[in-house]
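What follows is the content of data35.cif (mmCIF, C-alpha atoms and all ligand atoms).
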```
data_structure
#
loop_
_atom_site.label_atom_id
_atom_site.label_comp_id
_atom_site.auth_asym_id
_atom_site.auth_seq_id
_atom_site.Cartn_x
_atom_site.Cartn_y
_atom_site.Cartn_z
CA MET V 1 39.95 -12.31 -25.46
CA LYS V 2 41.29 -11.34 -22.05
CA PRO V 3 39.75 -13.16 -19.07
CA VAL V 4 37.75 -11.19 -16.50
CA ARG V 5 39.58 -11.62 -13.19
CA LYS V 6 38.82 -8.42 -11.33
CA ALA V 7 35.64 -7.00 -9.89
CA VAL V 8 34.85 -3.44 -8.84
CA LEU V 9 32.28 -2.95 -6.08
CA PRO V 10 31.26 0.65 -5.39
CA VAL V 11 30.38 0.88 -1.68
CA ALA V 12 30.65 4.60 -1.00
CA GLY V 13 26.91 5.41 -0.91
CA LEU V 14 25.50 7.03 2.23
CA GLY V 15 22.46 4.77 2.63
CA THR V 16 20.15 7.61 3.64
CA ARG V 17 17.08 5.44 2.99
CA PHE V 18 18.04 3.23 5.93
CA LEU V 19 18.75 5.86 8.59
CA PRO V 20 19.18 5.55 11.50
CA ALA V 21 20.46 1.97 10.90
CA THR V 22 23.13 3.32 8.56
CA LYS V 23 24.26 6.27 10.67
CA ALA V 24 27.39 4.45 11.84
CA MET V 25 27.14 1.23 9.79
CA PRO V 26 27.59 0.93 6.01
CA LYS V 27 24.35 -0.02 4.26
CA GLU V 28 26.24 -2.83 2.50
CA MET V 29 26.70 -4.50 5.90
CA LEU V 30 22.97 -4.78 6.64
CA THR V 31 22.21 -8.45 7.07
CA VAL V 32 20.04 -10.73 5.00
CA VAL V 33 19.44 -13.61 7.45
CA ASP V 34 23.01 -13.79 8.87
CA ARG V 35 25.22 -12.53 6.06
CA PRO V 36 25.90 -8.94 5.02
CA VAL V 37 24.25 -7.95 1.73
CA LEU V 38 27.75 -7.33 0.37
CA GLN V 39 28.80 -10.92 1.06
CA TYR V 40 26.08 -12.28 -1.25
CA VAL V 41 27.45 -10.14 -4.06
CA VAL V 42 31.06 -11.17 -3.38
CA ASP V 43 29.94 -14.84 -3.37
CA GLU V 44 28.27 -14.33 -6.76
CA ALA V 45 31.52 -12.89 -8.13
CA ILE V 46 33.68 -15.70 -6.71
CA GLU V 47 31.34 -18.27 -8.27
CA ALA V 48 31.83 -16.49 -11.61
CA GLY V 49 35.62 -16.86 -11.35
CA ILE V 50 36.59 -13.42 -10.02
CA GLU V 51 39.96 -13.50 -8.25
CA GLN V 52 40.55 -9.90 -7.20
CA PHE V 53 38.22 -7.39 -5.62
CA VAL V 54 38.43 -3.61 -5.72
CA PHE V 55 36.12 -1.84 -3.28
CA VAL V 56 35.49 1.84 -3.85
CA THR V 57 34.68 3.06 -0.36
CA GLY V 58 34.12 6.35 1.40
CA ARG V 59 34.13 7.74 4.91
CA ASN V 60 32.54 5.52 7.60
CA LYS V 61 33.15 2.32 5.62
CA GLY V 62 36.04 0.91 7.65
CA VAL V 63 33.91 -2.00 8.85
CA ILE V 64 33.91 -3.37 5.29
CA GLU V 65 37.71 -3.70 5.41
CA ASP V 66 37.45 -5.47 8.76
CA HIS V 67 34.83 -7.85 7.38
CA PHE V 68 37.20 -9.08 4.67
CA ASP V 69 40.18 -9.30 7.04
CA MET V 70 41.15 -12.07 9.43
CA ALA V 71 39.64 -11.55 12.90
CA PHE V 72 42.46 -13.07 14.89
CA GLU V 73 41.03 -12.62 18.42
CA LEU V 74 37.63 -13.91 17.30
CA GLU V 75 39.12 -17.01 15.65
CA ASP V 76 41.25 -17.66 18.71
CA THR V 77 38.23 -17.41 21.04
CA LEU V 78 36.08 -19.66 18.83
CA GLU V 79 38.86 -22.23 18.77
CA ARG V 80 39.28 -22.24 22.55
CA ARG V 81 35.52 -22.59 23.02
CA GLY V 82 35.27 -25.43 20.52
CA LYS V 83 32.90 -23.53 18.19
CA ASP V 84 34.17 -25.45 15.20
CA ASP V 85 31.36 -24.69 12.74
CA ALA V 86 31.56 -20.93 13.19
CA LEU V 87 35.35 -21.05 12.97
CA ALA V 88 35.25 -23.13 9.79
CA THR V 89 32.84 -20.64 8.21
CA LEU V 90 35.13 -17.70 8.98
CA LYS V 91 38.19 -19.51 7.65
CA ARG V 92 36.45 -20.69 4.49
CA GLU V 93 35.23 -17.22 3.63
CA LEU V 94 38.44 -15.31 4.32
CA PRO V 95 39.74 -13.92 1.02
CA ALA V 96 43.30 -14.96 0.16
CA ALA V 97 45.95 -12.44 1.22
CA GLY V 98 46.36 -9.60 -1.27
CA THR V 99 43.19 -10.28 -3.28
CA VAL V 100 41.15 -7.42 -1.79
CA SER V 101 41.95 -3.74 -2.39
CA PHE V 102 40.31 -0.54 -1.27
CA THR V 103 40.30 2.94 -2.71
CA ARG V 104 38.18 5.92 -1.74
CA GLN V 105 35.75 8.03 -3.67
CA GLN V 106 36.42 11.37 -2.02
CA ALA V 107 33.18 13.07 -3.02
CA PRO V 108 29.76 11.65 -4.07
CA LEU V 109 29.96 12.62 -7.74
CA GLY V 110 28.09 9.61 -9.14
CA LEU V 111 28.47 5.94 -10.00
CA GLY V 112 30.60 6.68 -13.08
CA HIS V 113 33.02 8.66 -10.93
CA ALA V 114 33.17 5.84 -8.34
CA VAL V 115 34.13 3.36 -11.06
CA TRP V 116 36.72 5.77 -12.46
CA CYS V 117 38.33 5.93 -9.00
CA ALA V 118 39.22 2.22 -9.44
CA ARG V 119 41.09 2.75 -12.73
CA HIS V 120 44.63 2.28 -11.40
CA LEU V 121 43.71 -0.87 -9.48
CA VAL V 122 41.96 -2.40 -12.49
CA GLY V 123 44.57 -1.40 -15.06
CA ASP V 124 44.26 -2.45 -18.69
CA GLU V 125 41.94 -5.44 -18.19
CA PRO V 126 38.25 -6.15 -18.63
CA PHE V 127 36.47 -6.15 -15.28
CA ALA V 128 33.17 -6.97 -13.67
CA LEU V 129 31.20 -4.23 -11.96
CA LEU V 130 28.69 -5.32 -9.32
CA LEU V 131 26.39 -2.88 -7.54
CA PRO V 132 25.99 -4.32 -4.06
CA ASP V 133 22.51 -2.93 -3.44
CA VAL V 134 21.22 -5.60 -5.77
CA ILE V 135 21.29 -9.27 -4.86
CA ILE V 136 20.16 -11.83 -7.40
CA LYS V 137 18.94 -15.21 -6.23
CA ASN V 138 19.51 -18.10 -8.59
CA GLU V 139 21.24 -21.45 -8.56
CA LYS V 140 23.73 -20.23 -11.15
CA GLY V 141 24.61 -16.62 -10.34
CA ALA V 142 23.88 -13.76 -12.73
CA LEU V 143 27.56 -12.88 -13.21
CA ALA V 144 28.43 -16.50 -14.03
CA GLN V 145 25.67 -16.43 -16.68
CA MET V 146 27.15 -13.20 -18.05
CA MET V 147 30.62 -14.76 -18.18
CA ASP V 148 29.21 -17.37 -20.57
CA VAL V 149 27.96 -14.57 -22.85
CA TYR V 150 31.36 -12.84 -22.59
CA GLY V 151 33.04 -16.12 -23.51
CA ASN V 152 30.93 -16.28 -26.68
CA HIS V 153 30.95 -12.64 -27.75
CA GLY V 154 33.69 -10.77 -25.85
CA GLY V 155 33.19 -7.01 -25.59
CA ASN V 156 30.86 -5.65 -22.95
CA VAL V 157 27.94 -7.43 -21.28
CA ILE V 158 25.25 -5.99 -19.03
CA ALA V 159 22.50 -7.73 -17.07
CA VAL V 160 19.00 -6.61 -18.05
CA GLU V 161 15.51 -7.42 -16.84
CA GLU V 162 11.96 -6.29 -17.49
CA VAL V 163 10.16 -4.04 -15.03
CA PRO V 164 6.65 -2.52 -15.18
CA GLU V 165 6.65 0.61 -17.38
CA ASP V 166 5.87 2.95 -14.49
CA GLN V 167 9.18 2.02 -12.83
CA THR V 168 11.62 2.55 -15.71
CA HIS V 169 12.38 6.15 -14.64
CA GLN V 170 14.25 4.80 -11.58
CA TYR V 171 16.86 2.90 -13.63
CA GLY V 172 19.17 2.83 -16.61
CA VAL V 173 17.08 1.62 -19.56
CA VAL V 174 18.34 -0.10 -22.72
CA GLU V 175 17.16 -0.16 -26.30
CA VAL V 176 17.80 -3.53 -27.94
CA GLU V 177 17.55 -5.37 -31.21
CA ASP V 178 15.20 -8.31 -31.04
CA ALA V 179 17.07 -11.26 -29.55
CA GLY V 180 15.55 -13.55 -32.20
CA SER V 181 16.99 -17.04 -32.07
CA ALA V 182 19.61 -15.91 -29.53
CA GLY V 183 16.86 -16.15 -26.90
CA ASN V 184 17.89 -14.09 -23.93
CA VAL V 185 20.99 -12.35 -25.33
CA TYR V 186 20.25 -8.97 -26.95
CA SER V 187 22.40 -6.57 -28.93
CA VAL V 188 22.14 -3.25 -27.14
CA THR V 189 21.57 -0.30 -29.47
CA GLY V 190 20.88 2.48 -26.97
CA MET V 191 20.91 3.32 -23.26
CA VAL V 192 19.51 6.12 -21.17
CA GLU V 193 19.87 6.79 -17.45
CA LYS V 194 16.66 7.46 -15.54
CA PRO V 195 14.48 8.56 -18.49
CA PRO V 196 11.50 10.77 -17.54
CA GLN V 197 8.23 8.81 -17.12
CA GLY V 198 6.77 7.83 -20.46
CA SER V 199 9.97 8.36 -22.48
CA ALA V 200 11.86 5.10 -21.90
CA PRO V 201 12.92 3.22 -25.07
CA SER V 202 11.78 -0.12 -23.55
CA ASN V 203 10.98 -1.70 -20.21
CA LEU V 204 14.35 -3.49 -20.06
CA ILE V 205 16.45 -2.01 -17.27
CA ILE V 206 20.11 -2.42 -16.34
CA THR V 207 20.28 -4.58 -13.23
CA GLY V 208 23.57 -3.70 -11.55
CA ARG V 209 25.90 -6.29 -13.10
CA TYR V 210 28.33 -5.34 -15.86
CA ILE V 211 31.35 -6.77 -17.68
CA LEU V 212 33.24 -3.82 -19.12
CA GLN V 213 36.34 -3.20 -21.18
CA PRO V 214 38.98 -0.89 -19.66
CA SER V 215 38.40 1.64 -22.47
CA ILE V 216 35.47 2.84 -20.31
CA PHE V 217 37.95 4.66 -18.05
CA ALA V 218 39.10 7.12 -20.73
CA LEU V 219 35.45 8.00 -21.35
CA LEU V 220 34.74 8.43 -17.64
CA GLU V 221 37.84 10.62 -17.42
CA LYS V 222 35.95 13.35 -19.29
CA GLN V 223 33.68 13.51 -16.25
CA GLU V 224 30.58 14.98 -17.89
CA THR V 225 27.54 15.00 -15.63
CA GLY V 226 24.23 13.45 -16.66
CA ALA V 227 20.99 12.46 -14.90
CA GLY V 228 20.71 13.96 -11.40
CA GLY V 229 23.81 16.09 -12.01
CA GLU V 230 25.99 13.01 -11.45
CA ILE V 231 28.68 11.36 -13.55
CA GLN V 232 26.83 8.32 -14.86
CA ILE V 233 28.30 4.99 -15.94
CA THR V 234 25.37 4.63 -18.38
CA ASP V 235 26.44 7.75 -20.33
CA ALA V 236 30.02 6.46 -20.65
CA MET V 237 28.71 3.04 -21.75
CA LEU V 238 26.60 4.69 -24.43
CA ARG V 239 29.73 6.30 -25.87
CA LEU V 240 31.67 3.04 -25.57
CA MET V 241 28.86 1.28 -27.46
CA LYS V 242 29.65 3.35 -30.56
CA ASP V 243 33.04 1.58 -30.83
CA GLU V 244 32.54 -1.75 -29.11
CA GLY V 245 29.92 -4.47 -28.88
CA PHE V 246 27.42 -4.41 -26.03
CA LYS V 247 25.28 -7.41 -25.18
CA GLY V 248 22.38 -7.41 -22.75
CA LEU V 249 21.66 -10.69 -20.99
CA LYS V 250 18.17 -11.27 -19.64
CA PHE V 251 19.45 -13.46 -16.84
CA ASP V 252 17.70 -16.19 -14.86
CA GLY V 253 17.08 -15.20 -11.27
CA THR V 254 15.09 -13.05 -8.87
CA THR V 255 16.36 -9.56 -8.09
CA TYR V 256 16.14 -8.02 -4.63
CA ASP V 257 16.93 -4.31 -4.48
CA CYS V 258 18.30 -4.15 -0.95
CA GLY V 259 18.64 -0.38 -1.32
CA SER V 260 14.86 -0.23 -0.82
CA LYS V 261 13.11 -1.36 2.36
CA ILE V 262 10.64 -3.63 0.59
CA GLY V 263 13.41 -5.27 -1.44
CA PHE V 264 15.53 -5.74 1.67
CA LEU V 265 12.68 -7.24 3.72
CA SER V 266 11.68 -9.48 0.81
CA ALA V 267 15.27 -10.73 0.51
CA ASN V 268 15.27 -11.69 4.18
CA VAL V 269 12.05 -13.66 3.72
CA ALA V 270 13.19 -15.36 0.50
CA TYR V 271 16.65 -16.34 1.76
CA GLY V 272 15.29 -17.25 5.21
CA LEU V 273 12.66 -19.59 3.75
CA ASP V 274 15.31 -21.19 1.57
CA ARG V 275 17.64 -22.05 4.43
CA GLU V 276 17.79 -25.70 5.39
CA ASP V 277 18.24 -24.90 9.08
CA LEU V 278 15.55 -22.18 9.26
CA GLY V 279 13.06 -22.71 6.45
CA ALA V 280 10.44 -24.85 8.23
CA PRO V 281 10.23 -22.93 11.54
CA PHE V 282 10.42 -19.59 9.69
CA ARG V 283 7.54 -20.60 7.42
CA LYS V 284 5.48 -21.46 10.50
CA ALA V 285 6.37 -18.15 12.16
CA ILE V 286 5.25 -16.23 9.06
CA ALA V 287 2.02 -18.24 8.83
CA ASP V 288 1.30 -17.44 12.50
CA LEU V 289 1.97 -13.75 11.87
CA LEU V 290 -0.36 -13.68 8.88
CA GLY V 291 -2.96 -15.38 11.09
C1 LIG T 301 22.32 2.45 -10.84
C2 LIG T 301 22.57 2.65 -12.33
C3 LIG T 301 21.33 2.28 -13.14
C4 LIG T 301 20.89 0.87 -12.80
C5 LIG T 301 20.69 0.73 -11.28
C6 LIG T 301 20.42 -0.73 -10.93
O1 LIG T 301 21.37 3.41 -10.42
O2 LIG T 301 22.97 3.99 -12.57
O3 LIG T 301 21.62 2.38 -14.52
O4 LIG T 301 19.71 0.57 -13.50
O5 LIG T 301 21.84 1.15 -10.56
O6 LIG T 301 20.10 -0.85 -9.59
P1 LIG T 301 21.18 3.77 -8.86
O7 LIG T 301 20.35 2.67 -8.28
O8 LIG T 301 22.54 3.85 -8.25
O9 LIG T 301 20.46 5.08 -8.84
#
```
Take the structure in the file and give it back as C-alpha cells.
Ligand code: G1P
Amino acid sequence: MKPVRKAVLPVAGLGTRFLPATKAMPKEMLTVVDRPVLQYVVDEAIEAGIEQFVFVTGRNKGVIEDHFDMAFELEDTLERRGKDDALATLKRELPAAGTVSFTRQQAPLGLGHAVWCARHLVGDEPFALLLPDVIIKNEKGALAQMMDVYGNHGGNVIAVEEVPEDQTHQYGVVEVEDAGSAGNVYSVTGMVEKPPQGSAPSNLIITGRYILQPSIFALLEKQETGAGGEIQITDAMLRLMKDEGFKGLKFDGTTYDCGSKIGFLSANVAYGLDREDLGAPFRKAIADLLG
C-alpha cells in the first residue's frame, strides 16, 4: 500500500456568498480568530502526515501564495523590534522549501475538474483531497483519523457525517452497508451529488475530506458534467467504486462550513472560546452581548 504524502486543496472558488469581503481577497483567507480558514485545513493535513501540498488556484488568489512564502521584510522588522513570539510563529509555520505547488483552474467547471487540474503534480500516487471551506474541530484531526482507516483497508476513504434530512440536497450523499461491528467505518455502496429533496439514499453526507487513488484522474479525464452542470468528483468516485474499495468514516469532530456565514461565525465563536489567551474574556464579552 502506497503512503499518502500529497494533498490537493482546491481554492479557485469565487466566494460570492461573502461579497464584498471577497471582492479582492480569497475566501480561503478569511480569518477564524487570527488564522486564515485555509491554515486550519493545512494544519489538519500536516498532522495527518502530509508532506506536499498542491493548491488549485484561480485568478485573484495570489495572496495564498504569499501566505505560504517567507515574508522577508516582515521577519526582518519583527526581529529588529524584538517581537519574538510573532517571529517564532511565522518561522514555525513556514512550509519547507519546495513542498508547496500551485496550478490554476482556468475556468470554473466544477470540483472534479479542479482536482483533475492537479493530476501532473500528484502523479501516480494516492492523495488526500481537502475542501478548505470546511474546518473540522477535534483533538485528533479528521484526516488523521482517515489515515488510520486507510492503513487498515487501503483503497479510497471519505469522511461522512449525518445531517438533518432536509439538508441532504446541498451535499454529496452516500449509501452504505451497515457498519456492524466496525463501528464508524462503513462500506460505501452508492453516492449521489446533491440529490433532489426527498430522494437521498441516506442522511450521511460527504464532508470535504477524501483519500483517493490516482485512478480517479482517468475517470475525471472524461469530463462528463453532473449536478449543476459541473464536473463532479462524486460522479467520478461512483465509477471508481465499481473497481475499488470505498470506505466512509464517520469521524469524531465538529464541522464548521466556513463557506456559509453561520458556519463561519460559529467557527469564530468556537475557536475563540477555546483559546487559552482569549477564552475567558471572550466568554464574558458574549455573555454581556446576550444580556
Ligand atoms: C462539495 C462536494 C460535496 C460535498 C461538499 C462538502 O460540494 O461536491 O459532495 O458534500 O463539498 O462540503 P460544494 O460544497 O462544493 O457544493
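Taking atom CA of Ala7 of chain V as the reference point, atom CA of Ala71 of chain V is found at 23.6 Å.
Interatomic distance, atom CA of Gly183 of chain V against atom CA of Asn152 of chain V: 14.1 Å.
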- Message: Taking all atoms listed in the file into account, list the residues no farther than 7 Å from ligand LIG 301 (chain T), as a PyMOL selection string.
- Response: chain V and resi 111+131+133-134+170-173+193+205-208+232-234+257
- Message: Can you pull out the residues contacting Ala97 of chain V? Cut-off 9 Å, using all atoms listed in the file, and skip same-chain residues under 3 positions away; I want them as a count of residues only.
- Response: 3
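Between Arg104 of chain V and the residues V:Leu121, V:Ile135, V:Met70, V:Leu220, the shortest atom-to-atom distance, using all atoms listed in the file, involves V:Leu121.
Counting from atom CA of Leu289 of chain V, the distance to atom CA of Gly272 of chain V is 15.3 Å.
Using all atoms listed in the file, the nearest neighbour of Asn60 of chain V within the list V:Glu162, V:Glu28, V:Glu44, V:Asp252 is V:Glu28.
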Could the residues of segment 34-78 of chain V that have an atom at most 8 Å from segment 136-144 of chain V be listed as a Markdown table, each with its closest atom pair and the distance in Å to one decimal, counting all atoms listed in the file and ordered by chain and ascending residue number?
```
| residue | atom | partner | partner_atom | distance |
| --- | --- | --- | --- | --- |
| V:Glu44 | CA | V:Gly141 | CA | 5.6 |
| V:Ala45 | CA | V:Leu143 | CA | 6.4 |
| V:Glu47 | CA | V:Ala144 | CA | 6.7 |
| V:Ala48 | CA | V:Ala144 | CA | 4.2 |
| V:Gly49 | CA | V:Ala144 | CA | 7.7 |
```
- Message: I need the residue nearest Leu30 of chain V from this list: V:Lys91, V:Lys6, V:Lys261, V:Lys250. Use all atoms listed in the file for the distance.
- Response: V:Lys261
Would you kindly return, as a PDB file with C-alpha atoms, in the frame of the given file, each protein, DNA or RNA residue with an atom no farther than 10 Å from any atom of segment 31-34 of chain V, considering only C-alpha atoms and excluding same-chain residues fewer than 5 positions away?
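Wrote it out as part-v5.pdb, contents follow:
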```
ATOM      1  CA  GLN V  39      28.800 -10.920   1.060  1.00  0.00           C
ATOM      2  CA  TYR V  40      26.080 -12.280  -1.250  1.00  0.00           C
ATOM      3  CA  CYS V 258      18.300  -4.150  -0.950  1.00  0.00           C
ATOM      4  CA  PHE V 264      15.530  -5.740   1.670  1.00  0.00           C
ATOM      5  CA  LEU V 265      12.680  -7.240   3.720  1.00  0.00           C
ATOM      6  CA  SER V 266      11.680  -9.480   0.810  1.00  0.00           C
ATOM      7  CA  ALA V 267      15.270 -10.730   0.510  1.00  0.00           C
ATOM      8  CA  ASN V 268      15.270 -11.690   4.180  1.00  0.00           C
ATOM      9  CA  VAL V 269      12.050 -13.660   3.720  1.00  0.00           C
ATOM     10  CA  ALA V 270      13.190 -15.360   0.500  1.00  0.00           C
ATOM     11  CA  TYR V 271      16.650 -16.340   1.760  1.00  0.00           C
ATOM     12  CA  GLY V 272      15.290 -17.250   5.210  1.00  0.00           C
ATOM     13  CA  LEU V 273      12.660 -19.590   3.750  1.00  0.00           C
ATOM     14  CA  ARG V 275      17.640 -22.050   4.430  1.00  0.00           C
ATOM     15  CA  LEU V 278      15.550 -22.180   9.260  1.00  0.00           C
TER      16      LEU V 278
END
```
